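**Q** The structure's right below; bear with me while I get my questions together.
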Amino acid sequence: SVAAILAAFFLCFAFAEQIFALLARPLAAAGQDRVIFTQVFEAFFVKVRVAFFGALMLSFPVVATQMWRFVAPGLYRKEKAALLPFLGATPFLFVAGACFAYFLAIPTALKFLLGFQGDLGNSGVSQEALPSVGQYLSFIMQFLFAFGVAFLLPVLLVLLNRAGIVTREQLVGFRRYFIVVAFVIAAIFTPPDVVSQLLLAVPLVILYELSLIAIRFTDRPKDSAETLP
């Protein structure tokens, strides 16, 4: 796993500018055509962080395979058959969450946050956004990881249910509390504005409801099996 991450890091470091250009497209689409760096080493470390970010994404299949090969020998065949489909859906759900953030959440948040530029009333003073490369990279990585991990909620809840840790009835009873939890999570992992928090909290609540539907279908074979003589 370490070898895969290192190899991917050096590959991504060679294309770090192209990767950052891709990450900067939502900023350009929001009307901001310039970023700055205020410390002499900031641009270099941004390039390193971009390369490491790309390396994690690129090497994830290798790392996940190694983790599965470590865990799988300790599982029964029935447990492998039950876990593998849900674990296989993990990268697709993470990518779906990151795409949701990249194409919808981030442009919406940037359009709202950058809309405060302009004249300050009748004061004769104007304010202009000059985001630094480091701050913008932290902003977009925070969004991508937060939404990617959030979209893994159905997998987590289904696995907890199949492991017998929680039941569907318990999750249904916890629904009203999860709405509060969703907004707390959104407040922690998004910028401190209402729009960004809603963009994460609302999908979390929807994913929770979808998890309840998925658990209903995965519970059926188990219920029918328990009724057999």
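Residues are named by chain letter and number: chains run A, B, ... in the order of the structure tokens, numbers start at 1 in each chain, and ligands are numbered from 1 in the order shown.
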Name the residues of region 115-186 of chain A that come out as strand (DSSP E or B) in a backbone DSSP run; write them as number ranges by chain.
**A** A: 118-119, 126-127, 132
**Q** If you count only C-alpha atoms, which residues fall within 12 Å of Glu209 (chain A), apart from same-chain ones fewer than 4 positions away, as JSON, numbers by chain?
**A** {"A": [153, 154, 157, 158, 168, 171, 172, 174, 175, 176, 178, 179, 202, 203, 204, 205, 213, 214, 215, 216]}
**Q** Do you have the CA of Ala98 (chain A)-CA of Met57 (chain A) distance handy?
**A**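 Interatomic distance, CA of Ala98 (chain A) to CA of Met57 (chain A): 11.0 Å.
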**Q** So that each row is one residue of region 40-110 of chain A with an atom at most 10 Å from region 183-198 of chain A, can you give its shortest atom pair and the distance in Å to one decimal, using only C-alpha atoms, rows by chain and rising number, as JSON lines?
**A**
```
{"residue": "A:Ala105", "atom": "CA", "partner": "A:Ser196", "partner_atom": "CA", "distance": 7.3}
{"residue": "A:Ile106", "atom": "CA", "partner": "A:Ser196", "partner_atom": "CA", "distance": 8.2}
{"residue": "A:Thr108", "atom": "CA", "partner": "A:Val195", "partner_atom": "CA", "distance": 8.0}
{"residue": "A:Ala109", "atom": "CA", "partner": "A:Ser196", "partner_atom": "CA", "distance": 5.6}
{"residue": "A:Leu110", "atom": "CA", "partner": "A:Ser196", "partner_atom": "CA", "distance": 9.1}
```
**Q** List every residue of chain A that DSSP, applied to the backbone of this structure, assigns to helix (DSSP H, G or I), and report them as number ranges by chain.
**A** A: 2-14, 16-23, 25-29, 42-74, 77-88, 90-116, 133-150, 153-162, 168-173, 175-189, 194-226
**Q** Would you mind reading off the distance between CA of Ser59 (chain A) and CA of Ser1 (chain A), one decimal, in Å?
**A**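 It comes out at 7.8 Å.
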**Q** As a VMD selection string, please: the residues near Gly118 (chain A) (cut-off 10 Å, only C-alpha atoms, same-chain neighbours under 5 positions excluded).
**A** chain A and resid 125 to 129
**Q** Identify, on the basis of only C-alpha atoms, every residue whose closest approach to Leu22 (chain A) does not exceed 12 Å; exclude the query and any residue fewer than 4 positions from it along the same chain; express the result as a ChimeraX atom specification.
**A** /A:15-18,26-29,50,54,102-103,137,140
**Q** By how many Å are CA of Val40 (chain A) and CA of Phe145 (chain A) apart?
**A**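 Result for CA of Val40 (chain A) versus CA of Phe145 (chain A): 27.5 Å, one decimal.
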**Q** Would you list the contacts of Val95 (chain A) as a VMD selection string, taking every protein, DNA or RNA residue within 12 Å and counting only C-alpha atoms, but skipping same-chain residues closer than 5 positions in sequence?
**A** chain A and resid 57 to 58 60 89 to 90 100 to 103 144 to 152
**Q** Using only C-alpha atoms for the distances, tell me which of A:Val133, A:Leu93, A:Cys99, A:Ala3 is nearest to Ala24 (chain A).
**A** A:Val133
**Q** Write out as a count of residues only the residues lying within 9 Å of Ser132 (chain A), counting only C-alpha atoms and excluding same-chain residues fewer than 6 positions away.
**A** 6
